Structures are given as C-alpha cells and as structure tokens.
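Asks: Starting off with a structure, shown below.
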Amino acid sequence: MVEKKLHKLLFVGFLIFTLMFSSLDSVLANSESEAANNDENTNIVEEEEENELNKEDDSDVSEELTQDEIDMGETEDSLESEKKNSTDVKEPTDDLSDDEIPSENNDGESSENNSEVDSEGKDSEDETEELETKVMNASINSGFELGDSHEKIIELKEGLNQIGFGYITVTENFGNFTETQVRAFQDYYGLSVTGVADEATFEKLDSILDHPYQKGKSNSDLAGFKVKLNWMDYGQILVTENFGSWMESRVKAFQRDHNLAVSGIIEPVTEAKINETFASIFKVNNRHASIVDLKEMLNQTSFGGILVSDLYGSFTSTRVRQFQEYYELEVTGEANVQTLNKLESVLDTPFREGVRHPDTIELKEGLNLLGFGPILVSDLYGSFTKRQVASFQETYGLSPTGVANDATWAMMNELLDSPLQEGRNHEDLIELKQKLNWTGYGHILVTENYGSWMASRIRSFQQDHDLPVNGIIDEKTQLAIEHTFEKGFTEGNRNPGVIDMKEGLNKLGFGNILVSDLYGSFTAQQVRSFQEYYGLEATGKANLPTLNKIDSLLNSSLQEGKRHNDLLNIKDQMNNIGFGYITVTTLFGSYTEQKVKELQDYYGLRVNGILDKPTQAKINEVFTSPFREGERHDGSIDLKNDLNALGFGNILVSTLYGSYTKQKVEDFQRYYGLVVNGIADEPTFAKIDELKNSSFQLGKRHENTKILKESLNRLGYGNISVTTLFGSFTEKRVKDFQADHGLAVNGIADEPTWELVNQLVASLNSSTHGIVTASNLNIRKAPTANSERVGQLSANTVVQIIHQESNGWYKVAFDGGIGYVSGTYITEATGPLAGKTVILDAGHGGRDSGGIGGGMLEKDFALDVSLRAEKLLREAGASVIMTRTTDVFLTLDERAAIANTSGADAFVSVHANIFNGSANGTETFWYGRHEARNSERLAHAMQNATLAKMGTHNRGVFSHRAFVVIAKTEIPSALLEVGFMDHAGDATKLRSSSYRDRSAEAIRDGFINYFR
C-alpha cells in the first residue's frame, strides 16, 4: 500500500514538473523566435491565414506578404510541436514498472485486486484534474499572450475575426499575428495596448459581439440609423426596427469607406462616425449629394424656391428652419433625423395632386361646407382641389402647400365641429349677437341658440368682409366682428349702429347730437358723459357695456306706456316729495313721465322721463332725508338758525325737525320758487347758501348796489348814499321795503326784493322811455357837458327817463346805474313794448349748422325768423339786441354773457327741432336758476303765441338745465323750438316764408303778453 501511495505521488509530481518546464520552454522559444524575427525582419504568418488570403480576391489586410515571407513563416502548431520535441524533460517512467503505471485506457482493476489501492488511485486522479483546472484559470485571469495555448483563444480569434480584426487562423495557439490584432483591437477601442488578451479585452469583445445593433436583432434606435445611412447614400434600406443582412452590408460598406473595423455591427465607434458624418452633411456651406434630394423635397412643399444643387446654403438653412418652426420641431436650421422624417411623411400623404383616395371625398365635402368650394366631389385630388386647399391653409394660418396634411385635416374638422354654427348652443353667442346687432347686422334675438337667421347674418357679414362664407363663426370671423365693432364706435369712424346709439343718447338726456353714422367728437363727449353718469368706464368709446346700458334703458319697464309693480311705491314717494298728484297705479302714463322729467331737471339729473337708477336713488334719498318732519339730526340746528336769519323764523332751535319747521321750509321753498315739499333737500340748502353768500347784504360791495340804492331813494326809502357798499343803513332801508311789501324781512336784496324794486321803479313814469339816436351817447354825472362821464350808450338803446331837467337834459336809468344825457339825442318811445329791451338769440351759426332736416339748416331758419322778429319788435317800441345778425359762430357762454351784461328785460333763443322724422310740434324750455318765475311765464307766453300763429302740435313747456343759454342767463329767458325740420308736416311750414312771418309775429306777441 505504501508503494502504491509513493507511486501516485511520483506521478503527480511528474505532471507538475512537466507543465512548469513546458511553460518555461515556451517562453524561451518565444524569446528566440522574436529575436530571430527581429534579426531577419521576417513576419510569421499562420498557414491557415495564408490560405485565407489566397482565397480572398480583395484582401482587407493592409500589408501584402511576399511568397518568400510566407515560406519563412511557421504556424503556431509547428512551433508548439517544436517545443515538445526540444524539451529536455523525460517521462517519469524510469523508476516505475509498466504494471505500476496506471493505464488511461484501463477500465478494469490492477494486477493486485485491492480495493483500497483503487480508491486511492481515484483520489489521485481527482487531485490532478483539480490542479490542472487551477493552472488553467490562473492563465485566463492573467490574460493570454504570445506563445500561450488555450481553448479560450479559439473564442478570442473567432470574435476578432467577426468584428473586423480578422484573417486569424482559428487555433488554440496565441501567435504573433494574433498579438498584432489584439493590439489593434485594444487601440481601436481605447484600451491599454499590451497585446495581451486580458479580462478588459475579453469584456470589450463580448460587449461588441452582444451589441444590439447587429444582424438578426431588433431595436427601436435602428430606424434612426437607417434614415441616416439612407441620406448618406448607403441607402435603399427599409426603415424598420430590424437589423437584416442588407442593413449589415450597408453598415460594412460605411465602415469600409471610413476606415473603420468592418464588422457590420453599429458598435460605439461606428455609431459615433455615423452621427458625425450625418451631422456634417446638412450644415451651411457644406456639399453633399443628399442635399440635392433635400432641396427637391422642400421645393415640393411651401418651403421651396430653393436652387437645386449639392450646396447647403443660408437660404436652404432658412427654409429648413421655417419648416421646423411650422411643424413644431427643434429649430436649428440643420436637417436632423426628425426633420427629414417629417419631410418624408408630409410628402408621403395621399392627399396631394394627382392621387386618388376614398377620404378625398370627405375632404372635398368639408371644404365645400367651409366656403372653399365649389369642388367636384370625387376621390381624385386634382389641381383645383389643390388650389382650394392652399387657399384654406392660407386663410387659417397654415403653410399653403396645397397638400392636405394632418394640420389641414385638424383645422377643417375643428371648424366643422365648431359650437358656433347653426343648430348649436353656446354662451359666447350672447355677446357676438349683441355686437352684430350694433354693427348693422341686427334684429337678432339675443340668446345662446344659433339659428338660421343668425347663420344668414353671419354669411352676410363674411361676404361683406371678404371672409369664407360658411355661416360658421370661426376665429377669423370672430376677430373681424370684434374689430368691426370696436372700430365702429370710436371717434372719427362710421358705422350704421352709431345712428341707433345717437338716437338712444338723445332720448336718454345726452342729446343734441346730430343723428348720422359718423362717430364725431361731440358724440364721444356725450358717450363719456353717459358713461360717467351711469358708473361705467369713461372712455368716450361706446363699448359693449355702454351700448347694452343704452339698450336696457331704452327698453326699461319703468317708462311711458309700460306697467310695473314697483311704480306703486315710486309714485307714492314722488307724491310725498313734491312731484305729485300722480294716480298711484302700475301704469307709467304721460303725466307720470312729465313729473319724472320735472324731478330729474330739478335735481340736476339727466332728463329722460325714465325711472333709471340715478332717478330712483334721488327719489329715495329725498324721501328718506333726515331733514323731514319727525326726524332728528344735528344739521337741523344750523338749518333752523339760517331760516330764522332769512326771515322764515321764530323756529325753536333743536335737532328735531317738527311740523312748524316743515311749515317754514315750505314757506321758504314757495317764496324762492322751489319745489314745495317741506323737506330740506339739496336745492333748498343750495338756496340758503346762495342767500347767505349774496353780494347784496350787510358789509358787501357790488356795482349794482348803487342801482339798488338809487331805486330805493326814488321809491321813498331814501337818503341812502349811493355807493357800492351795502351798509347798515342800506340794510335797514331794505328791511323797511321788505316789511312794507310783504316780503321776507332779512335785509338781503334777494331776487323777490330786486324784482319788486325794479317793477315799482319801472312803474314810475311808465310811459316815458327814450331811444338813443346818436351812435354813442355819453352819460354824465351831472346834467352838463362839462360833468364827469360815467358811461356811454350805443344807438337804439332804450333808457327810462326818470326826470327832464330845465336845460333839456334827461336823468335816465340804464343798465348799471343812473346818469344824465343830452335830450337832443333821445327820442321818446311809444308802443306796447316801449321802454323794453329784449334779446333775440338766433341759435347756432357759422361752423355749427345745428339740426339738418327737410332741406334746411337750423342755423339758417333761426336767423331768418329772428331778423323778421327784430323788425316787428322795434315797430312795437322795443329796443332789440341781436346776438348775431349774420352767419357767425358764437359759443353758448358768449351768448349768455351778452344777455347778462346787456341790462335787457328778457331773452329768447330761437331754434328748430329734429329727432327721428316722427316727432312734431312746438316746445319751449326754461330753467329756474335765475328769474325762475319770470322765465317760466316767458316760456308759456312764447309757447302759446307760437301755437296760435303756427297751428303746430303742443309738445309742452319744460324746465331744462342742459341748455346753457337759459341755464346761465341771469335775466328772464326761454328757448323756443318752433317745429321739427325732419317732420313732413312741420317742415312744410318751416320752409314757408309766410309761416316764418307768423313765427316772427308769435315772438313779438309772446313778448307783449309777457310784459303785459
């Protein structure tokens, strides 16, 4: 047994020694071989590679080997055989007998049938195999190098041959050429160049051999590579995710052309080269055959007009950039894969000229519906279809290629599915309908429903604005509606809806606008006033909220002819605040309208007769005022003190507004011509403040105080020094006068006091008036030519002759005072209007034509009638002041100023009216700020006389603050509207010379009746 163990140990030692010695011998052999090669400059080429080279017609090997060099080479197998033959190691059989050496082919037992020996022998074999495996793994881990032999080297060689580092004879031996190719492989892929096939080399080789971009595999990235190869003239590759044999051949061709390892695999080096080469093609100033194809394809789209050559110029780059922008690609100006794919897909559509497709029928039907017809419906995409598609694309901001691409289909379907078309409902229709109504495409019922009438109105609008006529409110139509509406209601533009707006504003108290389709500066001014009044944005531009407000007011249920339950409470309140005697029902009648207008005028509101929000607010404010019976307020103390001081006194001063206070407030209101309601409202407080600040009270100075003093002296309240100072003695005389004549005793020369003083003075020598006959007549302080001159009178001025001096001079009263004039230049006046001075104001003039209607200009009518009336008034003994006698322009303030500085007794402004052709008749206006009672009497006198002479319809007499000439005139004044120029019946009379004479006679008679 011991012998057998010894035998086994000797055998194992022999194997180890043999392997170690063989390895050493191999190293020595390689060293000798390299030395021989260096000395003889000989390349060793494996015989199998020699055979491969001879078989290939076109070798990829960079160097050709001569026949002599081939003959000198040795194969790795011959080298290995030589190593074995030259070894000095002897087989370890000298010390062992044949029967002691185990036979490899012995399947039976040894000569000694000892099971223990067999068991130990088996263990020895296992240990030997394990040792051999460890030796082999150690060699693999350390790498294979020149002279090594291993079955793994076969895999190495096969792999290198497969990926383009080939022509290596596949054996287990690692020879010189194998080392050369390993070095090349390592250098190519950026590994450490050692020539040793180490672990990193095997890993890189395996990664390439397993790469997903090679024949037989599929990958989504392959489509991009195929596109690039096609565009680089390695083409006619079907663009899929599969890597076939044709693809492999194209990749090899690319690798061969670019001096890459020819493997047919798109490994990292090849991938980088493909990307680099492709990217260099489509750059400005580069040339490539594929650029010709690119340009020709772009020219087939709307991004064409490119000169076809192989040069990628700046214009080509611009076109590519535009194409990318349009199709929402990355915008670079360089034709990348995405750009080229999109270009091919655009040109690959069946919806282009000359192609038939069943869906072309649907396309044509859609275009016909959208107003791009009439196209013959068939499956052929003809030249006319192309033209209409291009027109559609251009209209809706698409590229007008004439090719129905996805964007074209999407736009068409979007329009056909629009909610803004017949049979649909949409909330946006409310505003659109309102705007159409105001731009002349109207009479549309404003709802969310899109009916046939709405569609017809849209078609009319589209036709008028050169839009596709389809009855659908697409984006372009909607923008056009917005633009037309906004433009139509801005200053300087014309729009049919402006007529309706102006008529509405005139009716709503923002009037005197000439009705036309022009939106002028005065219209803008009135619109701004309207907006401010109703709390809208004040721009002067009639936006939709403004127009809707006009419309809502015009259609208010709280106006004449309508019924509303709210009228019961409103009428009751109006009756309580002094605008009463209204029957309390739900009907808004003409009398209610009259009272509403009076209330609006009295409180400074817009006079339209409609119970709008400002009017209702004012009614409620007055009705709930703290200054009315039964209420308490701290302000009542000041109110009572003021009333006591103004002659409406004996009121107990407290915060309580009692019945006696109410009575005194009513007395005050009645006395000063205010609305009598017993409520201390805004006009009442304003009148109190006016009196408290009067210029004709103690301590104040005023030029007209001299006239007051002179008049009081003449009336027997004399011995007052005639100066501008209103002193304590003057105050006493005024109080005496007021007490004697039943006036409120407050010592203030207020309107009732002045009026009575003037009437009494005028009654003195009432038949004695004179008219100045000189061009300019000096007024002297004393009845002599040497006296101080205190004024001057112009020709035809009427003066009151107070006294005739012995030397023939007259003491006269004139506007502003009393003085003396030479009687030589005074002619005593006679007639019913003797001593009266009146002012006739012919309305409008110059650049202000006034109303236009019936073939007449208002300014011409007013001047003609005024000149005729002037003659008649002078014949009646009046002195007449004309604001104009020719066609000149005067401002309203200038006219009022003439009246206020004239010293005249009354003022009448002559006008004619216009509205909408249906209104007719005569109306006269007055205002109660100054001379309220006399102004109202004058207005009625003029109205009655005109009705009698002209036979026109009686429209009534109204108080109106909006007319500046009567609102700012401080003497009794009225504004006469003789008739309507745009009404057929009235116009016939207004054009007639005989009726103009009648109108002049009415003015004369009106003055006579007023002064009587």
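Ordered as shown in the structure tokens, chains take letters A, B, and onward, while each chain numbers its residues from 1 and ligands are numbered from 1 in the order shown.
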Would you please extract all strand (DSSP E or B) residues from stretch 647-781 of chain A, as assigned by DSSP on the backbone, and give them as a PyMOL selection string?

Replies: chain A and resi 656+701+725+769-772+776-780

Asks: Write out the residues from the selection above, keeping all heavy atoms, as an mmCIF file, in the first residue's frame.

Replies:
```cif
data_model
loop_
_atom_site.group_PDB
_atom_site.id
_atom_site.type_symbol
_atom_site.label_atom_id
_atom_site.label_comp_id
_atom_site.auth_asym_id
_atom_site.auth_seq_id
_atom_site.Cartn_x
_atom_site.Cartn_y
_atom_site.Cartn_z
ATOM 1 N N LEU A 656 -84.751 118.478 16.462
ATOM 2 C CA LEU A 656 -85.998 117.896 15.981
ATOM 3 C C LEU A 656 -86.547 118.687 14.810
ATOM 4 O O LEU A 656 -86.686 119.903 14.857
ATOM 5 C CB LEU A 656 -87.047 117.860 17.089
ATOM 6 C CG LEU A 656 -88.433 117.349 16.672
ATOM 7 C CD1 LEU A 656 -88.360 115.899 16.214
ATOM 8 C CD2 LEU A 656 -89.428 117.524 17.812
ATOM 9 N N ARG A 701 -69.811 144.643 -1.079
ATOM 10 C CA ARG A 701 -69.758 145.691 -2.106
ATOM 11 C C ARG A 701 -70.109 145.094 -3.472
ATOM 12 O O ARG A 701 -69.729 143.972 -3.786
ATOM 13 C CB ARG A 701 -68.371 146.320 -2.192
ATOM 14 C CG ARG A 701 -68.025 147.231 -1.024
ATOM 15 C CD ARG A 701 -66.680 147.911 -1.242
ATOM 16 N NE ARG A 701 -66.321 148.797 -0.151
ATOM 17 C CZ ARG A 701 -66.704 150.074 -0.049
ATOM 18 N NH1 ARG A 701 -67.470 150.606 -1.010
ATOM 19 N NH2 ARG A 701 -66.318 150.815 0.977
ATOM 20 N N LEU A 725 -71.106 150.152 -1.418
ATOM 21 C CA LEU A 725 -71.122 149.472 -0.125
ATOM 22 C C LEU A 725 -72.553 149.274 0.363
ATOM 23 O O LEU A 725 -73.355 150.201 0.392
ATOM 24 C CB LEU A 725 -70.336 150.263 0.911
ATOM 25 C CG LEU A 725 -70.347 149.684 2.338
ATOM 26 C CD1 LEU A 725 -69.668 148.326 2.367
ATOM 27 C CD2 LEU A 725 -69.699 150.667 3.300
ATOM 28 N N HIS A 769 -90.147 156.535 -21.912
ATOM 29 C CA HIS A 769 -88.914 155.850 -22.269
ATOM 30 C C HIS A 769 -88.318 156.546 -23.468
ATOM 31 O O HIS A 769 -89.023 157.182 -24.240
ATOM 32 C CB HIS A 769 -89.154 154.371 -22.596
ATOM 33 C CG HIS A 769 -89.512 153.555 -21.396
ATOM 34 N ND1 HIS A 769 -90.800 153.490 -20.899
ATOM 35 C CD2 HIS A 769 -88.736 152.795 -20.574
ATOM 36 C CE1 HIS A 769 -90.814 152.715 -19.831
ATOM 37 N NE2 HIS A 769 -89.565 152.284 -19.615
ATOM 38 N N GLY A 770 -87.063 156.420 -23.596
ATOM 39 C CA GLY A 770 -86.417 157.049 -24.720
ATOM 40 C C GLY A 770 -85.480 156.087 -25.421
ATOM 41 O O GLY A 770 -84.971 155.131 -24.827
ATOM 42 N N ILE A 771 -85.261 156.403 -26.702
ATOM 43 C CA ILE A 771 -84.355 155.588 -27.513
ATOM 44 C C ILE A 771 -83.204 156.471 -27.947
ATOM 45 O O ILE A 771 -83.388 157.597 -28.426
ATOM 46 C CB ILE A 771 -85.072 155.020 -28.742
ATOM 47 C CG1 ILE A 771 -86.241 154.119 -28.290
ATOM 48 C CG2 ILE A 771 -84.108 154.224 -29.615
ATOM 49 C CD1 ILE A 771 -87.089 153.609 -29.430
ATOM 50 N N VAL A 772 -81.964 155.982 -27.777
ATOM 51 C CA VAL A 772 -80.766 156.734 -28.143
ATOM 52 C C VAL A 772 -80.681 156.793 -29.666
ATOM 53 O O VAL A 772 -80.738 155.770 -30.341
ATOM 54 C CB VAL A 772 -79.509 156.087 -27.550
ATOM 55 C CG1 VAL A 772 -78.252 156.824 -28.007
ATOM 56 C CG2 VAL A 772 -79.597 156.061 -26.029
ATOM 57 N N ASN A 776 -72.995 157.044 -30.349
ATOM 58 C CA ASN A 776 -72.528 156.830 -28.984
ATOM 59 C C ASN A 776 -72.893 158.061 -28.167
ATOM 60 O O ASN A 776 -72.502 159.178 -28.520
ATOM 61 C CB ASN A 776 -71.016 156.606 -28.944
ATOM 62 C CG ASN A 776 -70.603 155.279 -29.584
ATOM 63 O OD1 ASN A 776 -70.874 154.231 -29.043
ATOM 64 N ND2 ASN A 776 -69.990 155.355 -30.760
ATOM 65 N N LEU A 777 -73.629 157.839 -27.105
ATOM 66 C CA LEU A 777 -74.104 158.954 -26.281
ATOM 67 C C LEU A 777 -73.472 158.851 -24.900
ATOM 68 O O LEU A 777 -73.608 157.840 -24.220
ATOM 69 C CB LEU A 777 -75.633 158.907 -26.169
ATOM 70 C CG LEU A 777 -76.279 160.002 -25.319
ATOM 71 C CD1 LEU A 777 -75.974 161.403 -25.885
ATOM 72 C CD2 LEU A 777 -77.795 159.793 -25.237
ATOM 73 N N ASN A 778 -72.755 159.933 -24.514
ATOM 74 C CA ASN A 778 -72.091 159.953 -23.210
ATOM 75 C C ASN A 778 -73.105 160.115 -22.091
ATOM 76 O O ASN A 778 -74.079 160.860 -22.210
ATOM 77 C CB ASN A 778 -71.082 161.091 -23.142
ATOM 78 C CG ASN A 778 -69.895 160.833 -24.065
ATOM 79 O OD1 ASN A 778 -69.481 159.691 -24.243
ATOM 80 N ND2 ASN A 778 -69.358 161.890 -24.656
ATOM 81 N N ILE A 779 -72.828 159.422 -21.001
ATOM 82 C CA ILE A 779 -73.630 159.564 -19.784
ATOM 83 C C ILE A 779 -72.781 160.360 -18.801
ATOM 84 O O ILE A 779 -71.635 159.999 -18.520
ATOM 85 C CB ILE A 779 -73.988 158.201 -19.197
ATOM 86 C CG1 ILE A 779 -74.681 157.313 -20.242
ATOM 87 C CG2 ILE A 779 -74.863 158.348 -17.963
ATOM 88 C CD1 ILE A 779 -74.875 155.888 -19.785
ATOM 89 N N ARG A 780 -73.366 161.441 -18.262
ATOM 90 C CA ARG A 780 -72.624 162.328 -17.360
ATOM 91 C C ARG A 780 -73.137 162.183 -15.928
ATOM 92 O O ARG A 780 -74.272 161.762 -15.692
ATOM 93 C CB ARG A 780 -72.800 163.788 -17.809
ATOM 94 C CG ARG A 780 -72.329 164.073 -19.226
ATOM 95 C CD ARG A 780 -70.803 163.992 -19.352
ATOM 96 N NE ARG A 780 -70.341 164.242 -20.722
ATOM 97 C CZ ARG A 780 -69.059 164.308 -21.072
ATOM 98 N NH1 ARG A 780 -68.113 164.125 -20.149
ATOM 99 N NH2 ARG A 780 -68.716 164.523 -22.324
#
```

Asks: Need to verify the contact set: A:Leu890, 10 Å, only C-alpha atoms, exclusion of same-chain residues closer than 4 positions in sequence. Can you return it as a PyMOL selection string?

Replies: chain A and resi 843-848+883-884+894-895

Asks: Neighbouring residues of stretch 826-840 of chain A were defined as those with any atom within 8 Å, considering only C-alpha atoms; residues of the same chain fewer than 5 positions away were excluded. Please report them as a count of residues only.

Replies: 34

Asks: Of the residues A:Val761, A:Leu370, A:Ile852, A:Met501, which is the one nearest to A:Ala813, using only C-alpha atoms?

Replies: A:Val761

Asks: Taking 3 positions as the minimum chain separation for residues in the same chain, which residues sit within 8 Å of A:Thr349 when counting only C-alpha atoms? Answer as a list in words.

Replies: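 Within the cut-off, the hits are Ser345, Val346, Arg352, Val403, Ala404 and Asn405 of chain A.
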
Asks: Given the choices A:Asp864, A:Glu151, A:Asp893, A:Asp642, which gets closest to A:Ala1000 if the distance is worked out from only C-alpha atoms?

Replies: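 Ranking A:Asp864, A:Glu151, A:Asp893, A:Asp642 by distance to A:Ala1000, first place goes to A:Asp864.
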
Asks: Step one, run DSSP on the backbone; step two, keep only residues of stretch 282-485 of chain A assigned to helix (DSSP H, G or I); then write them as number ranges by chain.

Replies: A: 289-299, 314-326, 337-347, 359-369, 383-395, 406-416, 429-438, 452-464, 475-485

Asks: Tell me, as a PyMOL selection string, which residues lie within 12 Å of A:Ile163, counting only C-alpha atoms; anything in the same chain fewer than 3 positions away does not count.

Replies: chain A and resi 156-160+166-168+181-182+184-185+188-189+204-211+214+252+255+260-267+269-270

Asks: Quick one: pull the distance between atom CA of A:Gly402 and atom CA of A:Ile281, Å, one decimal.

Replies: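 Rounded to one decimal, the two atoms are 29.4 Å apart.
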
Asks: Nearest to A:Lys386: which of A:Gly985, A:Gly354, A:Gly647, A:Pro374 is it, counting only C-alpha atoms?

Replies: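 Of all the options, A:Gly354 lies closest to A:Lys386.
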
Asks: Just checking: using only C-alpha atoms, which residue out of A:Thr730, A:Thr490, A:Thr360, A:Thr277 ends up closest to A:Gly747?

Replies: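 Of A:Thr730, A:Thr490, A:Thr360, A:Thr277, the one nearest A:Gly747, counting only C-alpha atoms, is A:Thr730.
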
Asks: Could you pull the residues within 9 Å of stretch 577-582 of chain A, counting only C-alpha atoms, minus those fewer than 6 positions along the same chain, as a list in words?

Replies: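 The filter keeps Lys571, Tyr591, Thr592, Lys595, Val596, Glu598, Leu599, Ile619, Val622, Phe623, Val675, Val676, Asn677, Gly678 and Ile679 of chain A.
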
Asks: Using only C-alpha atoms, pick whichever of A:Val251, A:Ala749, A:Leu611, A:Ile966 has the shortest atom-to-atom distance to A:Asn704.

Replies: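 Smallest separation from A:Asn704 among the options: A:Ala749.
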
Asks: What is the atom CA of A:His483-atom CA of A:Thr447 distance in Å, reported with one decimal?

Replies: 21.9 Å

Asks: Of the residues A:Ser378, A:Lys295, A:Phe243, A:Arg937, which is the one nearest to A:Arg1012, using only C-alpha atoms?

Replies: A:Arg937

Asks: Could you please determine the separation between atom CA of A:Gln462 and atom CA of A:Leu415 in Å, to one decimal place?

Replies: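 Value for the atom CA of A:Gln462-atom CA of A:Leu415 distance: 15.0 Å.
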
Asks: Near A:Phe323, within 9 Å and counting only C-alpha atoms, which residues show up once chain neighbours fewer than 5 positions away are dropped, as a list in words?

Replies: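 The contact residues come out as Leu298, Ser302, Phe303, Thr318, Glu328, Leu329, Val331, Gly333, Thr339 and Leu343 of chain A.
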